[in-house]
Amino acid sequence: MTYDMVIRGGTVVTAADVARCDVAVRDGRIAALGEDLAGAVADGGRVVDAAGKLVLPGGIDSHCHIEQLSASGFMTADDFWSATVSAAFGGTTTVIPFAAQHRGQSLRTVVEEYHDRAGPKAVIDYAFHLIISDATPQVLGQELPGLIRDGYTSFKVYMTYELLRLDDYSLLNVLALARREGAMVMVHAENHEMIQWLTDRLLEAGNYQAKFHAISHAALAEGEATGRVISLSELMDVPILVVHVSTERAAVAIREARDRGLRVYGETCPQYFFLTAEDLDLHGAEGTKFCCSPPPRDEADHEAMWRGVVNDTFQVVSSDHAPYRFDSSGKLAHGPDPDFKHVANGIPGIEVRLPLLFSEGVGTGRIDLQRFVELSSTNAARLYGLEDRKGSIKVGADADLAIWDPDLEVTISIDMLHDNMDYTPYEGRRVKGWPVFVTSRGRVVVEDGELKVERGSGEFLPCELPRLAEPLGQSVREMDPGRNFGARLMPDREAS
Ligand code: DUC
Ligand code: ZN
Ligand code: ZN
């Protein structure tokens, strides 16, 4: 047997193991793991020396907004070209952005539009989550089941944002559908009325600067909504994944649900380890660069996020890359001194997600290499139905690999990043460890600081249904006939 490429002598890391071995690639897939495989490279193939380096599965960024028009009419600064190039330079080889429905739109049409955007531009592989803002009987009853079968097996719903949010009744309808079809529901959990009330009072009093964004999106609003949606999912007996968790209060609610055996999963993002509400309190409109929802919090919440990645409250660390430039196309679309309510929500981070987590997580000993791989790649593949192809280094999987130099020290600056932004919230931050060689399906994507692939060479990945273990709570439910009444009313997937 001969190979197209052998990565020789690196330290290979998966979610389970660390081993010194070679990785052999043939026809875009991992063909063998073992010792001394380089001798079997085919004529014209190549041997890549990884001695002293780490060989990791390419990252999966399962929460990023790419070429997405927000409900308020802001287009992200990155399209599928710049976002996927930037992702690849940061060691990410799969992205799962959103195909976002605006109210009144057919989901099918939305999905087609996003394919038109991604197909000609993406340089790494991609899947799509759906955003459901209009949970009509037509959308839930007709469109969504077909889309799930076609490989769009996860969808995000919002509990806040006027033009996106679903009330609890609609959320239950979505959860019921997800239960029947076996799909994964991602939830943006913030209490809309709390935020709206605080925003109105702040603006009435003339408190319009960016720092008040963090006050309006109170930690309590996130905690309340997180607890509420956990109750809704428990009623319906269906898994949920609470996205971009920023507060200790929400983390504790997820932890408690998981301790009770519920299939409640959590995601957090680098901004909730590294940025604080004080970053929004900069001179002029500079603070708008840090406006995202939920907002950055404080150091106690940072520690809670680290605890959460260590104790498996969180399974996924994604970027929530939502890039809006610091100009009239983005943050300053409503003028040079906008009120916080009219500032595009979101910050960039698709390229620095992994180096930040590696440096501050592995580098400080908070997490080990296997946990880093799990949080940045393997768990997303499992939760979103990509595990046969992505998220691990195993024979048969796609050869999506990132060779990391664990000792490479980098000072993050906007000039070195490959997105289409004009700032990074992490300007000047020093990290240790960076990916130096990246492959996708065995194609070299990044080498020697250069992009090696063509526009549009990324491929769409239809997702399977996630294969999740049965909830621990089964026996509890049987003992307590009053619970999960909602789920009892729903026909099981097998029966429907
Ligand atoms: N919040 C979101 O919910 N989505 C995009 C970016 C943000 O800040
Ligand atoms: Zn969100
Ligand atoms: Zn988001």
# chains A, B, ... in the order shown; residues from 1 in each chain; ligands from 1

$ residues_around --residues "region 283-298 of chain A" --least-positions-apart "2" --cutoff "8 Å" --atoms "only C-alpha atoms" --output "number ranges by chain"
A: 190, 209-211, 213-214, 217, 222, 244-247, 271-272, 275-277, 279-281, 300-302, 326, 331, 336-338, 340, 343-347, 423, 425

$ residues_around --residues "Glu351 (chain A)" --least-positions-apart "3" --cutoff "10 Å" --atoms "only C-alpha atoms" --output "list in words"
Asp61, Ala83, Thr84, Val85, Ser86, Ala87, Ala88, Phe89, Gly90, Gly91, Thr92, Ser319, His321, Pro348, Leu354, Pro355, Leu356, Leu417, His418 and Asp419 of chain A

$ write_last_selection --atoms "N, CA, C and O atoms" --output "mmCIF file, in the first residue's frame"
data_model
loop_
_atom_site.group_PDB
_atom_site.id
_atom_site.type_symbol
_atom_site.label_atom_id
_atom_site.label_comp_id
_atom_site.auth_asym_id
_atom_site.auth_seq_id
_atom_site.Cartn_x
_atom_site.Cartn_y
_atom_site.Cartn_z
ATOM 1 N N ASP A 61 -15.170 24.969 13.745
ATOM 2 C CA ASP A 61 -15.800 26.147 14.348
ATOM 3 C C ASP A 61 -17.300 26.035 14.092
ATOM 4 O O ASP A 61 -17.778 26.322 12.989
ATOM 5 N N ALA A 83 -13.550 34.481 5.329
ATOM 6 C CA ALA A 83 -13.772 33.790 6.608
ATOM 7 C C ALA A 83 -13.102 32.419 6.624
ATOM 8 O O ALA A 83 -12.489 32.028 7.628
ATOM 9 N N THR A 84 -13.196 31.689 5.519
ATOM 10 C CA THR A 84 -12.619 30.338 5.546
ATOM 11 C C THR A 84 -11.096 30.383 5.423
ATOM 12 O O THR A 84 -10.405 29.541 5.997
ATOM 13 N N VAL A 85 -10.579 31.371 4.697
ATOM 14 C CA VAL A 85 -9.113 31.536 4.657
ATOM 15 C C VAL A 85 -8.614 31.851 6.066
ATOM 16 O O VAL A 85 -7.651 31.249 6.575
ATOM 17 N N SER A 86 -9.284 32.782 6.713
ATOM 18 C CA SER A 86 -8.888 33.176 8.062
ATOM 19 C C SER A 86 -8.988 31.985 9.023
ATOM 20 O O SER A 86 -8.076 31.729 9.830
ATOM 21 N N ALA A 87 -10.066 31.231 8.915
ATOM 22 C CA ALA A 87 -10.235 30.045 9.765
ATOM 23 C C ALA A 87 -9.067 29.090 9.565
ATOM 24 O O ALA A 87 -8.476 28.591 10.538
ATOM 25 N N ALA A 88 -8.715 28.833 8.302
ATOM 26 C CA ALA A 88 -7.660 27.858 8.001
ATOM 27 C C ALA A 88 -6.320 28.302 8.588
ATOM 28 O O ALA A 88 -5.581 27.476 9.149
ATOM 29 N N PHE A 89 -6.002 29.592 8.494
ATOM 30 C CA PHE A 89 -4.736 30.067 9.059
ATOM 31 C C PHE A 89 -4.704 29.914 10.580
ATOM 32 O O PHE A 89 -3.634 29.912 11.179
ATOM 33 N N GLY A 90 -5.871 29.786 11.196
ATOM 34 C CA GLY A 90 -5.919 29.558 12.635
ATOM 35 C C GLY A 90 -6.114 28.097 13.001
ATOM 36 O O GLY A 90 -6.427 27.784 14.153
ATOM 37 N N GLY A 91 -5.965 27.188 12.022
ATOM 38 C CA GLY A 91 -6.017 25.754 12.335
ATOM 39 C C GLY A 91 -7.396 25.130 12.272
ATOM 40 O O GLY A 91 -7.579 23.982 12.669
ATOM 41 N N THR A 92 -8.363 25.871 11.757
ATOM 42 C CA THR A 92 -9.724 25.340 11.631
ATOM 43 C C THR A 92 -9.934 24.818 10.217
ATOM 44 O O THR A 92 -9.619 25.511 9.240
ATOM 45 N N SER A 319 -16.117 30.237 18.050
ATOM 46 C CA SER A 319 -15.716 31.655 18.014
ATOM 47 C C SER A 319 -16.881 32.627 18.130
ATOM 48 O O SER A 319 -16.714 33.742 18.580
ATOM 49 N N HIS A 321 -17.794 34.065 15.656
ATOM 50 C CA HIS A 321 -17.262 35.091 14.746
ATOM 51 C C HIS A 321 -18.433 35.819 14.084
ATOM 52 O O HIS A 321 -19.210 35.211 13.347
ATOM 53 N N PRO A 348 -15.176 39.691 15.890
ATOM 54 C CA PRO A 348 -14.476 38.676 15.095
ATOM 55 C C PRO A 348 -13.613 37.776 15.979
ATOM 56 O O PRO A 348 -13.295 38.139 17.103
ATOM 57 N N LEU A 354 -8.498 29.147 18.252
ATOM 58 C CA LEU A 354 -7.702 28.006 18.721
ATOM 59 C C LEU A 354 -6.406 28.442 19.397
ATOM 60 O O LEU A 354 -6.081 27.938 20.477
ATOM 61 N N PRO A 355 -5.640 29.373 18.805
ATOM 62 C CA PRO A 355 -4.433 29.812 19.520
ATOM 63 C C PRO A 355 -4.720 30.397 20.910
ATOM 64 O O PRO A 355 -3.961 30.164 21.847
ATOM 65 N N LEU A 356 -5.811 31.136 21.062
ATOM 66 C CA LEU A 356 -6.135 31.687 22.388
ATOM 67 C C LEU A 356 -6.425 30.560 23.378
ATOM 68 O O LEU A 356 -5.931 30.552 24.506
ATOM 69 N N LEU A 417 -3.718 38.939 10.560
ATOM 70 C CA LEU A 417 -4.899 38.089 10.401
ATOM 71 C C LEU A 417 -5.414 38.154 8.959
ATOM 72 O O LEU A 417 -5.113 39.094 8.222
ATOM 73 N N HIS A 418 -6.215 37.166 8.597
ATOM 74 C CA HIS A 418 -6.615 37.022 7.198
ATOM 75 C C HIS A 418 -8.094 37.291 6.974
ATOM 76 O O HIS A 418 -8.613 37.055 5.886
ATOM 77 N N ASP A 419 -8.777 37.774 8.016
ATOM 78 C CA ASP A 419 -10.185 38.105 7.800
ATOM 79 C C ASP A 419 -10.281 39.479 7.141
ATOM 80 O O ASP A 419 -9.266 40.100 6.799
#

$ residues_around --residues "Tyr426 (chain A)" --least-positions-apart "4" --cutoff "9 Å" --atoms "only C-alpha atoms" --output "CSV table (one decimal) with all heavy atoms, in the first residue's frame"
chain,number,residue,atom,x,y,z
A,274,PHE,N,-11.6,36.2,27.9
A,274,PHE,CA,-10.5,37.2,27.7
A,274,PHE,C,-10.9,38.6,27.8
A,274,PHE,O,-10.1,39.5,28.1
A,274,PHE,CB,-9.8,36.9,26.4
A,274,PHE,CG,-9.1,35.6,26.3
A,274,PHE,CD1,-9.6,34.6,25.6
A,274,PHE,CD2,-7.9,35.5,26.9
A,274,PHE,CE1,-9.0,33.3,25.6
A,274,PHE,CE2,-7.2,34.3,26.9
A,274,PHE,CZ,-7.8,33.2,26.2
A,275,LEU,N,-12.2,38.9,27.5
A,275,LEU,CA,-12.6,40.3,27.4
A,275,LEU,C,-13.6,40.6,28.6
A,275,LEU,O,-14.2,39.6,29.1
A,275,LEU,CB,-13.4,40.6,26.1
A,275,LEU,CG,-12.6,40.2,24.8
A,275,LEU,CD1,-13.5,40.5,23.6
A,275,LEU,CD2,-11.3,40.9,24.8
A,349,GLY,N,-13.2,36.6,15.4
A,349,GLY,CA,-12.4,35.7,16.2
A,349,GLY,C,-12.1,34.4,15.6
A,349,GLY,O,-11.7,33.5,16.3
A,352,VAL,N,-8.3,33.4,15.6
A,352,VAL,CA,-7.6,33.3,16.9
A,352,VAL,C,-8.2,32.4,18.0
A,352,VAL,O,-7.7,32.2,19.0
A,352,VAL,CB,-7.4,34.7,17.5
A,352,VAL,CG1,-6.5,35.6,16.6
A,352,VAL,CG2,-8.7,35.4,17.7
A,412,ILE,N,-0.7,38.8,18.6
A,412,ILE,CA,-1.9,39.0,17.7
A,412,ILE,C,-2.0,40.5,17.3
A,412,ILE,O,-1.9,41.4,18.2
A,412,ILE,CB,-3.2,38.5,18.5
A,412,ILE,CG1,-3.1,37.0,18.7
A,412,ILE,CG2,-4.4,38.9,17.7
A,412,ILE,CD1,-4.2,36.5,19.6
A,413,SER,N,-2.2,40.6,16.0
A,413,SER,CA,-2.4,42.0,15.5
A,413,SER,C,-3.3,41.9,14.3
A,413,SER,O,-3.3,40.9,13.6
A,413,SER,CB,-1.1,42.6,15.3
A,413,SER,OG,-1.0,43.1,14.0
A,414,ILE,N,-4.0,42.9,14.0
A,414,ILE,CA,-4.9,42.9,12.9
A,414,ILE,C,-4.2,42.7,11.6
A,414,ILE,O,-4.6,42.0,10.6
A,414,ILE,CB,-5.8,44.1,12.8
A,414,ILE,CG1,-6.9,44.0,11.7
A,414,ILE,CG2,-5.0,45.4,12.7
A,414,ILE,CD1,-7.9,42.9,11.8
A,430,ARG,N,-0.3,38.4,23.5
A,430,ARG,CA,0.7,37.4,23.1
A,430,ARG,C,0.2,36.0,23.4
A,430,ARG,O,-0.3,35.7,24.5
A,430,ARG,CB,2.0,37.6,23.9
A,430,ARG,CG,2.9,38.6,23.3
A,430,ARG,CD,4.3,38.7,24.0
A,430,ARG,NE,5.2,37.7,23.6
A,430,ARG,CZ,5.8,37.7,22.4
A,430,ARG,NH1,5.5,38.6,21.5
A,430,ARG,NH2,6.7,36.7,22.1

$ select_by_dssp --residues "region 278-468 of chain A" --states "helix (DSSP H, G or I)" --output "PyMOL selection string"
chain A and resi 278-280+286-290+299-310+340-342+353-362+369-383+414-416

$ select_by_dssp --residues "region 81-211 of chain A" --states "strand (DSSP E or B)" --output "PyMOL selection string"
chain A and resi 92-100+125-126+129-131+154-158+165+184-188

$ residues_around --residues "Leu147 (chain A)" --least-positions-apart "6" --cutoff "12 Å" --atoms "only C-alpha atoms" --output "PyMOL selection string"
chain A and resi 99+106-112+128-130+139-141+153-155+181+183+462-465

$ write_last_selection --atoms "C-alpha atoms" --output "PDB file, in the first residue's frame"
ATOM      1  CA  ALA A  99     -28.258  29.804   7.008  1.00  0.00           C
ATOM      2  CA  SER A 106     -38.881  29.981   3.098  1.00  0.00           C
ATOM      3  CA  LEU A 107     -36.122  27.980   4.767  1.00  0.00           C
ATOM      4  CA  ARG A 108     -35.467  26.102   1.547  1.00  0.00           C
ATOM      5  CA  THR A 109     -34.835  29.355  -0.306  1.00  0.00           C
ATOM      6  CA  VAL A 110     -32.548  30.550   2.481  1.00  0.00           C
ATOM      7  CA  VAL A 111     -30.499  27.373   2.283  1.00  0.00           C
ATOM      8  CA  GLU A 112     -30.155  27.709  -1.484  1.00  0.00           C
ATOM      9  CA  PHE A 128     -24.928  24.765   7.873  1.00  0.00           C
ATOM     10  CA  HIS A 129     -27.060  25.222  10.933  1.00  0.00           C
ATOM     11  CA  LEU A 130     -30.412  26.834  10.243  1.00  0.00           C
ATOM     12  CA  VAL A 139     -41.828  25.801   8.231  1.00  0.00           C
ATOM     13  CA  LEU A 140     -41.961  23.249  11.045  1.00  0.00           C
ATOM     14  CA  GLY A 141     -44.337  20.800   9.448  1.00  0.00           C
ATOM     15  CA  THR A 153     -29.715  18.619  11.357  1.00  0.00           C
ATOM     16  CA  SER A 154     -29.232  21.504  13.792  1.00  0.00           C
ATOM     17  CA  PHE A 155     -30.952  24.816  14.177  1.00  0.00           C
ATOM     18  CA  GLU A 181     -36.777  14.170  14.078  1.00  0.00           C
ATOM     19  CA  ALA A 183     -32.250  17.104  15.489  1.00  0.00           C
ATOM     20  CA  PRO A 462     -24.445  17.119   4.941  1.00  0.00           C
ATOM     21  CA  CYS A 463     -24.771  16.364   8.649  1.00  0.00           C
ATOM     22  CA  GLU A 464     -26.118  13.143  10.111  1.00  0.00           C
ATOM     23  CA  LEU A 465     -28.392  13.202  13.119  1.00  0.00           C
TER      24      LEU A 465
END

$ residues_around --residues "Leu163 (chain A)" --least-positions-apart "5" --cutoff "10 Å" --atoms "only C-alpha atoms" --output "list in words"
Ser70, Ala71, Ser72, His102, Arg103, Ser133, Asp134 and Tyr158 of chain A

$ atom_distance --atom1 "CA of Leu489 (chain A)" --atom2 "CA of Gly261 (chain A)"
21.4 Å

$ closest_residue --among "A:Glu267, A:Glu303, A:Glu450, A:Glu278" --to "ligand 3" --atoms "only C-alpha atoms and all ligand atoms"
A:Glu267

$ closest_residue --among "A:Ser318, A:Thr378, A:Thr11, A:Ser82" --to "ligand 3" --atoms "only C-alpha atoms and all ligand atoms"
A:Ser318

$ decode --residues "region 303-314 of chain A" --atoms "all heavy atoms" --output "PDB file, in the first residue's frame"
ATOM      1  N   GLU A 303     -13.371  32.940  35.264  1.00  0.00           N
ATOM      2  CA  GLU A 303     -13.000  31.743  36.024  1.00  0.00           C
ATOM      3  C   GLU A 303     -14.091  30.684  35.927  1.00  0.00           C
ATOM      4  O   GLU A 303     -13.815  29.491  35.833  1.00  0.00           O
ATOM      5  CB  GLU A 303     -12.723  32.107  37.490  1.00  0.00           C
ATOM      6  CG  GLU A 303     -11.343  32.688  37.706  1.00  0.00           C
ATOM      7  CD  GLU A 303     -10.243  31.920  36.967  1.00  0.00           C
ATOM      8  OE1 GLU A 303     -10.118  30.699  37.166  1.00  0.00           O
ATOM      9  OE2 GLU A 303      -9.518  32.532  36.149  1.00  0.00           O
ATOM     10  N   ALA A 304     -15.343  31.141  35.926  1.00  0.00           N
ATOM     11  CA  ALA A 304     -16.459  30.180  35.803  1.00  0.00           C
ATOM     12  C   ALA A 304     -16.420  29.495  34.428  1.00  0.00           C
ATOM     13  O   ALA A 304     -16.750  28.313  34.300  1.00  0.00           O
ATOM     14  CB  ALA A 304     -17.790  30.886  36.017  1.00  0.00           C
ATOM     15  N   MET A 305     -16.001  30.241  33.403  1.00  0.00           N
ATOM     16  CA  MET A 305     -15.905  29.625  32.065  1.00  0.00           C
ATOM     17  C   MET A 305     -14.797  28.567  32.058  1.00  0.00           C
ATOM     18  O   MET A 305     -14.960  27.491  31.498  1.00  0.00           O
ATOM     19  CB  MET A 305     -15.621  30.684  30.995  1.00  0.00           C
ATOM     20  CG  MET A 305     -16.716  31.737  30.807  1.00  0.00           C
ATOM     21  SD  MET A 305     -18.354  31.063  30.454  1.00  0.00           S
ATOM     22  CE  MET A 305     -19.171  31.297  32.026  1.00  0.00           C
ATOM     23  N   TRP A 306     -13.681  28.880  32.704  1.00  0.00           N
ATOM     24  CA  TRP A 306     -12.600  27.879  32.758  1.00  0.00           C
ATOM     25  C   TRP A 306     -13.042  26.645  33.538  1.00  0.00           C
ATOM     26  O   TRP A 306     -12.772  25.517  33.138  1.00  0.00           O
ATOM     27  CB  TRP A 306     -11.320  28.481  33.367  1.00  0.00           C
ATOM     28  CG  TRP A 306     -10.589  29.384  32.418  1.00  0.00           C
ATOM     29  CD1 TRP A 306     -10.367  30.720  32.568  1.00  0.00           C
ATOM     30  CD2 TRP A 306      -9.998  29.017  31.159  1.00  0.00           C
ATOM     31  NE1 TRP A 306      -9.683  31.218  31.480  1.00  0.00           N
ATOM     32  CE2 TRP A 306      -9.439  30.197  30.607  1.00  0.00           C
ATOM     33  CE3 TRP A 306      -9.892  27.832  30.448  1.00  0.00           C
ATOM     34  CZ2 TRP A 306      -8.777  30.204  29.375  1.00  0.00           C
ATOM     35  CZ3 TRP A 306      -9.239  27.837  29.213  1.00  0.00           C
ATOM     36  CH2 TRP A 306      -8.698  29.009  28.701  1.00  0.00           C
ATOM     37  N   ARG A 307     -13.731  26.895  34.654  1.00  0.00           N
ATOM     38  CA  ARG A 307     -14.253  25.740  35.404  1.00  0.00           C
ATOM     39  C   ARG A 307     -15.165  24.905  34.508  1.00  0.00           C
ATOM     40  O   ARG A 307     -15.131  23.689  34.509  1.00  0.00           O
ATOM     41  CB  ARG A 307     -15.051  26.217  36.623  1.00  0.00           C
ATOM     42  CG  ARG A 307     -14.272  26.283  37.906  1.00  0.00           C
ATOM     43  CD  ARG A 307     -15.171  26.321  39.137  1.00  0.00           C
ATOM     44  NE  ARG A 307     -16.193  27.362  39.129  1.00  0.00           N
ATOM     45  CZ  ARG A 307     -15.966  28.647  39.336  1.00  0.00           C
ATOM     46  NH1 ARG A 307     -14.735  29.084  39.557  1.00  0.00           N
ATOM     47  NH2 ARG A 307     -16.952  29.521  39.315  1.00  0.00           N
ATOM     48  N   GLY A 308     -15.970  25.599  33.734  1.00  0.00           N
ATOM     49  CA  GLY A 308     -16.934  24.909  32.866  1.00  0.00           C
ATOM     50  C   GLY A 308     -16.280  24.071  31.783  1.00  0.00           C
ATOM     51  O   GLY A 308     -16.794  23.016  31.422  1.00  0.00           O
ATOM     52  N   VAL A 309     -15.145  24.527  31.248  1.00  0.00           N
ATOM     53  CA  VAL A 309     -14.483  23.684  30.233  1.00  0.00           C
ATOM     54  C   VAL A 309     -13.779  22.507  30.907  1.00  0.00           C
ATOM     55  O   VAL A 309     -13.665  21.437  30.325  1.00  0.00           O
ATOM     56  CB  VAL A 309     -13.499  24.446  29.299  1.00  0.00           C
ATOM     57  CG1 VAL A 309     -14.197  25.516  28.501  1.00  0.00           C
ATOM     58  CG2 VAL A 309     -12.317  24.991  30.029  1.00  0.00           C
ATOM     59  N   VAL A 310     -13.360  22.707  32.131  1.00  0.00           N
ATOM     60  CA  VAL A 310     -12.682  21.612  32.842  1.00  0.00           C
ATOM     61  C   VAL A 310     -13.698  20.560  33.303  1.00  0.00           C
ATOM     62  O   VAL A 310     -13.465  19.363  33.168  1.00  0.00           O
ATOM     63  CB  VAL A 310     -11.891  22.173  34.050  1.00  0.00           C
ATOM     64  CG1 VAL A 310     -11.384  21.050  34.943  1.00  0.00           C
ATOM     65  CG2 VAL A 310     -10.716  23.026  33.559  1.00  0.00           C
ATOM     66  N   ASN A 311     -14.844  21.002  33.822  1.00  0.00           N
ATOM     67  CA  ASN A 311     -15.779  20.020  34.425  1.00  0.00           C
ATOM     68  C   ASN A 311     -16.881  19.580  33.464  1.00  0.00           C
ATOM     69  O   ASN A 311     -17.873  18.984  33.889  1.00  0.00           O
ATOM     70  CB  ASN A 311     -16.345  20.562  35.751  1.00  0.00           C
ATOM     71  CG  ASN A 311     -17.350  21.708  35.529  1.00  0.00           C
ATOM     72  OD1 ASN A 311     -17.854  21.932  34.431  1.00  0.00           O
ATOM     73  ND2 ASN A 311     -17.650  22.419  36.589  1.00  0.00           N
ATOM     74  N   ASP A 312     -16.713  19.872  32.180  1.00  0.00           N
ATOM     75  CA  ASP A 312     -17.623  19.398  31.130  1.00  0.00           C
ATOM     76  C   ASP A 312     -19.017  20.018  31.201  1.00  0.00           C
ATOM     77  O   ASP A 312     -19.975  19.468  30.676  1.00  0.00           O
ATOM     78  CB  ASP A 312     -17.721  17.861  31.138  1.00  0.00           C
ATOM     79  CG  ASP A 312     -18.155  17.336  29.764  1.00  0.00           C
ATOM     80  OD1 ASP A 312     -17.714  17.898  28.752  1.00  0.00           O
ATOM     81  OD2 ASP A 312     -18.951  16.388  29.716  1.00  0.00           O
ATOM     82  N   THR A 313     -19.114  21.195  31.821  1.00  0.00           N
ATOM     83  CA  THR A 313     -20.326  21.993  31.617  1.00  0.00           C
ATOM     84  C   THR A 313     -20.397  22.372  30.140  1.00  0.00           C
ATOM     85  O   THR A 313     -21.455  22.332  29.518  1.00  0.00           O
ATOM     86  CB  THR A 313     -20.265  23.272  32.474  1.00  0.00           C
ATOM     87  OG1 THR A 313     -20.190  22.888  33.843  1.00  0.00           O
ATOM     88  CG2 THR A 313     -21.469  24.166  32.240  1.00  0.00           C
ATOM     89  N   PHE A 314     -19.233  22.733  29.584  1.00  0.00           N
ATOM     90  CA  PHE A 314     -19.144  23.091  28.163  1.00  0.00           C
ATOM     91  C   PHE A 314     -18.469  21.972  27.391  1.00  0.00           C
ATOM     92  O   PHE A 314     -17.451  21.434  27.817  1.00  0.00           O
ATOM     93  CB  PHE A 314     -18.336  24.378  27.989  1.00  0.00           C
ATOM     94  CG  PHE A 314     -18.899  25.530  28.785  1.00  0.00           C
ATOM     95  CD1 PHE A 314     -18.129  26.199  29.710  1.00  0.00           C
ATOM     96  CD2 PHE A 314     -20.223  25.908  28.623  1.00  0.00           C
ATOM     97  CE1 PHE A 314     -18.659  27.240  30.462  1.00  0.00           C
ATOM     98  CE2 PHE A 314     -20.767  26.949  29.363  1.00  0.00           C
ATOM     99  CZ  PHE A 314     -19.980  27.620  30.288  1.00  0.00           C
TER     100      PHE A 314
END
